[in-house]
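**Q** Handing over final03.cif, mmCIF, C-alpha atoms.
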```cif
data_run
#
loop_
_atom_site.group_PDB
_atom_site.id
_atom_site.type_symbol
_atom_site.label_atom_id
_atom_site.label_comp_id
_atom_site.auth_asym_id
_atom_site.auth_seq_id
_atom_site.Cartn_x
_atom_site.Cartn_y
_atom_site.Cartn_z
ATOM 1 C CA MET A 1102 -0.121 -63.241 -31.654
ATOM 2 C CA GLU A 1103 2.518 -64.908 -29.535
ATOM 3 C CA TRP A 1104 1.892 -67.921 -27.305
ATOM 4 C CA THR A 1105 0.789 -66.802 -23.852
ATOM 5 C CA GLY A 1106 -0.176 -70.104 -22.258
ATOM 6 C CA ALA A 1107 -3.361 -68.405 -21.025
ATOM 7 C CA ARG A 1108 -6.216 -70.427 -19.645
ATOM 8 C CA TYR A 1109 -9.853 -69.414 -20.003
ATOM 9 C CA GLU A 1110 -10.007 -68.362 -16.335
ATOM 10 C CA ASP A 1111 -7.191 -65.848 -17.029
ATOM 11 C CA LYS A 1112 -9.680 -63.784 -19.081
ATOM 12 C CA PRO A 1113 -7.297 -63.516 -22.046
ATOM 13 C CA THR A 1114 -7.515 -60.441 -24.254
ATOM 14 C CA VAL A 1115 -6.547 -59.460 -27.764
ATOM 15 C CA GLU A 1116 -6.337 -56.012 -29.322
ATOM 16 C CA VAL A 1117 -5.737 -54.826 -32.863
ATOM 17 C CA HIS A 1118 -5.500 -51.301 -34.219
ATOM 18 C CA THR A 1119 -5.235 -49.322 -37.428
ATOM 19 C CA TRP A 1120 -4.893 -45.701 -38.437
ATOM 20 C CA ILE A 1121 -7.632 -44.373 -40.705
ATOM 21 C CA ALA A 1122 -7.397 -41.277 -42.887
ATOM 22 C CA ALA A 1123 -10.804 -39.995 -41.781
ATOM 23 C CA PRO A 1124 -12.048 -38.044 -38.752
ATOM 24 C CA PRO A 1125 -13.350 -39.924 -35.674
ATOM 25 C CA THR A 1126 -16.937 -38.789 -36.327
ATOM 26 C CA GLN A 1127 -16.882 -40.455 -39.751
ATOM 27 C CA VAL A 1128 -15.272 -43.652 -38.425
ATOM 28 C CA TRP A 1129 -17.737 -43.674 -35.519
ATOM 29 C CA THR A 1130 -20.668 -43.845 -37.954
ATOM 30 C CA LEU A 1131 -19.326 -47.185 -39.207
ATOM 31 C CA VAL A 1132 -18.326 -48.567 -35.787
ATOM 32 C CA ALA A 1133 -21.689 -47.678 -34.244
ATOM 33 C CA ASP A 1134 -23.566 -49.407 -37.072
ATOM 34 C CA ILE A 1135 -23.421 -52.839 -35.474
ATOM 35 C CA GLU A 1136 -25.800 -54.209 -38.102
ATOM 36 C CA LEU A 1137 -23.003 -53.553 -40.637
ATOM 37 C CA MET A 1138 -20.601 -55.886 -38.775
ATOM 38 C CA PRO A 1139 -21.822 -59.185 -40.335
ATOM 39 C CA ARG A 1140 -20.688 -57.838 -43.735
ATOM 40 C CA MET A 1141 -17.181 -57.654 -42.306
ATOM 41 C CA SER A 1142 -17.093 -60.996 -40.493
ATOM 42 C CA ALA A 1143 -16.881 -64.595 -41.593
ATOM 43 C CA GLU A 1144 -18.247 -65.661 -38.204
ATOM 44 C CA LEU A 1145 -20.932 -63.117 -37.262
ATOM 45 C CA GLN A 1146 -23.948 -63.845 -39.460
ATOM 46 C CA SER A 1147 -26.539 -61.290 -38.307
ATOM 47 C CA VAL A 1148 -27.336 -58.695 -35.668
ATOM 48 C CA GLN A 1149 -30.765 -57.589 -34.497
ATOM 49 C CA TRP A 1150 -31.509 -54.818 -32.009
ATOM 50 C CA LEU A 1151 -33.924 -55.676 -29.193
ATOM 51 C CA ASP A 1152 -36.479 -53.658 -27.219
ATOM 52 C CA GLY A 1153 -37.443 -51.486 -30.205
ATOM 53 C CA ARG A 1154 -33.933 -50.031 -30.547
ATOM 54 C CA SER A 1155 -32.406 -49.192 -33.899
ATOM 55 C CA GLY A 1156 -28.906 -48.294 -32.746
ATOM 56 C CA PRO A 1157 -26.519 -48.271 -29.805
ATOM 57 C CA ALA A 1158 -27.145 -46.516 -26.505
ATOM 58 C CA GLN A 1159 -26.081 -47.262 -22.943
ATOM 59 C CA GLY A 1160 -27.957 -50.404 -21.858
ATOM 60 C CA ALA A 1161 -29.294 -51.232 -25.338
ATOM 61 C CA ARG A 1162 -29.356 -54.915 -26.257
ATOM 62 C CA PHE A 1163 -28.883 -56.847 -29.465
ATOM 63 C CA VAL A 1164 -28.837 -60.489 -30.559
ATOM 64 C CA GLY A 1165 -25.896 -61.669 -32.608
ATOM 65 C CA ARG A 1166 -26.052 -64.905 -34.560
ATOM 66 C CA SER A 1167 -22.751 -66.575 -35.338
ATOM 67 C CA LYS A 1168 -21.417 -69.607 -37.151
ATOM 68 C CA HIS A 1169 -18.058 -71.376 -36.887
ATOM 69 C CA GLU A 1170 -16.966 -74.544 -38.653
ATOM 70 C CA ALA A 1171 -15.747 -76.232 -35.439
ATOM 71 C CA LEU A 1172 -18.193 -74.670 -32.955
ATOM 72 C CA GLY A 1173 -21.457 -74.751 -34.912
ATOM 73 C CA GLU A 1174 -24.134 -72.034 -34.843
ATOM 74 C CA TRP A 1175 -25.245 -69.996 -31.847
ATOM 75 C CA ALA A 1176 -26.957 -66.781 -30.787
ATOM 76 C CA THR A 1177 -26.008 -64.479 -27.923
ATOM 77 C CA THR A 1178 -27.540 -61.380 -26.393
ATOM 78 C CA SER A 1179 -25.157 -58.476 -25.888
ATOM 79 C CA HIS A 1180 -25.584 -55.386 -23.729
ATOM 80 C CA ILE A 1181 -24.012 -52.006 -24.513
ATOM 81 C CA VAL A 1182 -21.912 -51.252 -21.414
ATOM 82 C CA GLU A 1183 -19.923 -48.235 -22.657
ATOM 83 C CA TYR A 1184 -21.284 -45.662 -25.073
ATOM 84 C CA GLU A 1185 -19.361 -42.413 -25.509
ATOM 85 C CA PRO A 1186 -19.752 -41.150 -29.091
ATOM 86 C CA PRO A 1187 -17.429 -40.763 -30.948
ATOM 87 C CA ARG A 1188 -14.845 -42.340 -28.618
ATOM 88 C CA VAL A 1189 -15.935 -45.667 -27.100
ATOM 89 C CA LEU A 1190 -18.438 -48.412 -27.863
ATOM 90 C CA ALA A 1191 -18.351 -51.611 -25.813
ATOM 91 C CA TRP A 1192 -20.678 -54.501 -25.172
ATOM 92 C CA ALA A 1193 -20.776 -57.435 -22.804
ATOM 93 C CA VAL A 1194 -22.041 -60.769 -24.100
ATOM 94 C CA GLU A 1195 -24.896 -62.363 -22.165
ATOM 95 C CA ASP A 1196 -24.714 -61.142 -18.526
ATOM 96 C CA PRO A 1197 -23.185 -57.638 -18.310
ATOM 97 C CA GLU A 1198 -22.085 -58.338 -14.718
ATOM 98 C CA HIS A 1199 -20.478 -61.707 -15.570
ATOM 99 C CA PRO A 1200 -20.034 -61.794 -19.369
ATOM 100 C CA THR A 1201 -18.876 -64.590 -21.625
ATOM 101 C CA ALA A 1202 -16.905 -61.909 -23.508
ATOM 102 C CA VAL A 1203 -16.467 -58.144 -23.691
ATOM 103 C CA TRP A 1204 -15.840 -56.299 -26.962
ATOM 104 C CA ARG A 1205 -14.701 -52.671 -27.256
ATOM 105 C CA PHE A 1206 -13.946 -50.182 -30.005
ATOM 106 C CA THR A 1207 -12.009 -47.019 -29.123
ATOM 107 C CA LEU A 1208 -11.374 -44.108 -31.441
ATOM 108 C CA GLU A 1209 -8.736 -41.406 -30.935
ATOM 109 C CA PRO A 1210 -7.942 -38.435 -33.150
ATOM 110 C CA GLN A 1211 -4.384 -38.902 -34.431
ATOM 111 C CA ASP A 1212 -2.348 -37.161 -37.125
ATOM 112 C CA GLY A 1213 -5.404 -35.756 -38.905
ATOM 113 C CA GLY A 1214 -7.205 -39.092 -38.873
ATOM 114 C CA THR A 1215 -8.351 -41.721 -36.394
ATOM 115 C CA LEU A 1216 -6.552 -44.416 -34.458
ATOM 116 C CA LEU A 1217 -9.147 -47.198 -34.244
ATOM 117 C CA ARG A 1218 -8.685 -50.037 -31.762
ATOM 118 C CA GLU A 1219 -10.749 -53.182 -31.309
ATOM 119 C CA TRP A 1220 -10.253 -55.121 -28.075
ATOM 120 C CA MET A 1221 -11.912 -58.214 -26.701
ATOM 121 C CA GLN A 1222 -11.757 -60.210 -23.503
ATOM 122 C CA MET A 1223 -12.738 -63.843 -23.269
ATOM 123 C CA GLY A 1224 -14.769 -64.730 -20.190
ATOM 124 C CA PRO A 1225 -15.028 -64.802 -17.260
ATOM 125 C CA ALA A 1226 -18.392 -66.600 -17.642
ATOM 126 C CA ARG A 1227 -18.510 -69.897 -19.503
ATOM 127 C CA SER A 1228 -19.019 -69.743 -23.258
ATOM 128 C CA GLY A 1229 -19.314 -72.222 -26.107
ATOM 129 C CA LEU A 1230 -15.545 -72.631 -25.962
ATOM 130 C CA SER A 1231 -15.905 -73.975 -22.434
ATOM 131 C CA PHE A 1232 -17.511 -77.140 -23.811
ATOM 132 C CA ALA A 1233 -14.448 -77.859 -25.971
ATOM 133 C CA ILE A 1234 -12.234 -77.274 -22.933
ATOM 134 C CA ASP A 1235 -14.421 -79.621 -20.851
ATOM 135 C CA ARG A 1236 -13.925 -82.372 -23.460
ATOM 136 C CA MET A 1237 -10.152 -81.865 -23.685
ATOM 137 C CA PRO A 1238 -8.955 -80.158 -20.480
ATOM 138 C CA GLU A 1239 -5.351 -81.138 -21.172
ATOM 139 C CA LYS A 1240 -5.516 -78.972 -24.327
ATOM 140 C CA GLU A 1241 -7.085 -75.899 -22.694
ATOM 141 C CA GLN A 1242 -4.147 -73.569 -23.324
ATOM 142 C CA LYS A 1243 -3.948 -74.580 -26.977
ATOM 143 C CA ILE A 1244 -7.732 -74.253 -27.432
ATOM 144 C CA VAL A 1245 -7.676 -70.761 -25.908
ATOM 145 C CA PHE A 1246 -4.645 -69.730 -27.961
ATOM 146 C CA VAL A 1247 -6.137 -70.938 -31.252
ATOM 147 C CA ARG A 1248 -9.419 -69.127 -30.532
ATOM 148 C CA MET A 1249 -7.606 -65.912 -29.598
ATOM 149 C CA ARG A 1250 -5.630 -66.104 -32.861
ATOM 150 C CA GLU A 1251 -8.919 -66.501 -34.743
ATOM 151 C CA PHE A 1252 -10.319 -63.444 -32.953
ATOM 152 C CA GLU A 1253 -7.170 -61.475 -33.795
ATOM 153 C CA ALA A 1254 -7.419 -62.384 -37.500
ATOM 154 C CA ASN A 1255 -11.148 -61.611 -37.654
ATOM 155 C CA MET A 1256 -10.720 -58.311 -35.788
ATOM 156 C CA THR A 1257 -7.895 -57.293 -38.127
ATOM 157 C CA ALA A 1258 -10.150 -57.996 -41.116
ATOM 158 C CA THR A 1259 -12.961 -55.966 -39.534
ATOM 159 C CA LEU A 1260 -10.721 -52.951 -38.942
ATOM 160 C CA GLU A 1261 -9.349 -53.143 -42.480
ATOM 161 C CA GLU A 1262 -12.892 -53.136 -43.860
ATOM 162 C CA ILE A 1263 -13.865 -50.164 -41.647
ATOM 163 C CA LYS A 1264 -10.707 -48.377 -42.841
ATOM 164 C CA LYS A 1265 -11.553 -49.063 -46.478
ATOM 165 C CA LEU A 1266 -15.150 -47.848 -46.076
ATOM 166 C CA ALA A 1267 -14.201 -44.729 -44.111
ATOM 167 C CA GLU A 1268 -11.402 -43.730 -46.461
ATOM 168 C CA SER A 1269 -13.441 -44.365 -49.607
ATOM 169 C CA ALA A 1270 -16.343 -42.344 -48.171
ATOM 170 C CA ARG A 1271 -13.917 -39.516 -47.372
ATOM 171 C CA THR A 1272 -12.495 -39.628 -50.906
ATOM 172 C CA LEU A 1273 -15.990 -39.612 -52.412
ATOM 173 C CA GLY A 1274 -16.926 -36.687 -50.158
ATOM 174 C CA GLU A 1275 -13.865 -34.706 -51.216
ATOM 175 C CA THR A 1276 -14.481 -35.475 -54.896
ATOM 176 C CA SER A 1277 -18.036 -34.161 -54.751
ATOM 177 C CA LEU A 1278 -16.957 -30.820 -53.235
#
```
Using structure tokens, write down the structure that the file contains.

**A**
Amino acid sequence: MEWTGARYEDKPTVEVHTWIAAPPTQVWTLVADIELMPRMSAELQSVQWLDGRSGPAQGARFVGRSKHEALGEWATTSHIVEYEPPRVLAWAVEDPEHPTAVWRFTLEPQDGGTLLREWMQMGPARSGLSFAIDRMPEKEQKIVFVRMREFEANMTATLEEIKKLAESARTLGETSL
């Protein structure tokens, strides 16, 4: 990620992508299993569906519990705001109308496999990062940049793990035929 000089109010975004040698329906099974995500993340510790749900659907909610060395531990409630299997899954953190962040996975068939993208937007509502910015407003751009680089690294690791799982499942499936 290159320096952008973005401030929190700019609603900075980051996106990563990978190509996976598996069909979108197979990749979707992994992406839509949000409870699997803590296995792939150093920061996200657990996910729990709310309102009796057991999986994603438009308007469904879940609580995510996270931990970060510099930011501590916290929990947020996310709302599924886009749900188009097997193409798009997105959620807004806290208030869907004024979120602290938005996360989105998109899947596209490509070259016999799947192009998987993960995108996130910081803000516009205040988040835990806002408290660090309040304490050191002169360092806001650096704080935002460092956090966006962390997101980029974590998202890259998540996509690599999804790729590994999807491709190994495909190989196992082909072997058993």

**Q** Pull out every residue that the PyMOL selection byres ((chain A and resi 1248) around 12) matches in the shown coordinates and put them as number ranges by chain.

**A** A: 1102, 1104, 1107-1109, 1113-1115, 1169, 1171-1172, 1221-1223, 1229-1231, 1233-1234, 1241-1247, 1249-1255

**Q** Around all the atoms of range 1165-1178 of chain A listed in the file, draw an axis-aligned box and extend it by 8 Å on each of the six sides; I want its centre and edge lengths in Å to one decimal, as JSON.

**A**
```
{"center_x": -21.6, "center_y": -68.8, "center_z": -32.5, "size_x": 27.8, "size_y": 30.9, "size_z": 28.3}
```

**Q** For CA of His1180 in chain A and CA of Glu1136 in chain A, determine how far apart the two atoms are, in Å to one decimal place.

**A**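 Rounded to one decimal, the two atoms are 14.4 Å apart.
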
**Q** Per residue of range 1143-1203 of chain A within 8 Å of range 1117-1133 of chain A, what are the shortest atom pair and its distance in Å to one decimal, counting only C-alpha atoms, with rows by chain and residue number, as a Markdown table?

**A**
```
| residue | atom | partner | partner_atom | distance |
| --- | --- | --- | --- | --- |
| A:Gly1156 | CA | A:Ala1133 | CA | 7.4 |
| A:Pro1157 | CA | A:Ala1133 | CA | 6.6 |
| A:Pro1186 | CA | A:Trp1129 | CA | 7.2 |
| A:Pro1187 | CA | A:Trp1129 | CA | 5.4 |
| A:Arg1188 | CA | A:Trp1129 | CA | 7.6 |
| A:Leu1190 | CA | A:Ala1133 | CA | 7.2 |
```

**Q** For Ala1143 in chain A, which residue among A:Lys1265, A:Met1256, A:Ala1191, A:Arg1227 is the nearest when counting all atoms listed in the file?

**A**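 So, comparing all the options, the nearest one is A:Met1256.
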
**Q** What is the CA of Glu1116 in chain A-CA of Ala1161 in chain A distance in Å, reported with one decimal?

**A**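 Between these atoms lies a distance of 23.8 Å.
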
**Q** Would you compute the distance between CA of His1199 in chain A and CA of Ala1258 in chain A? Give it in Å to one decimal.

**A** 27.8 Å
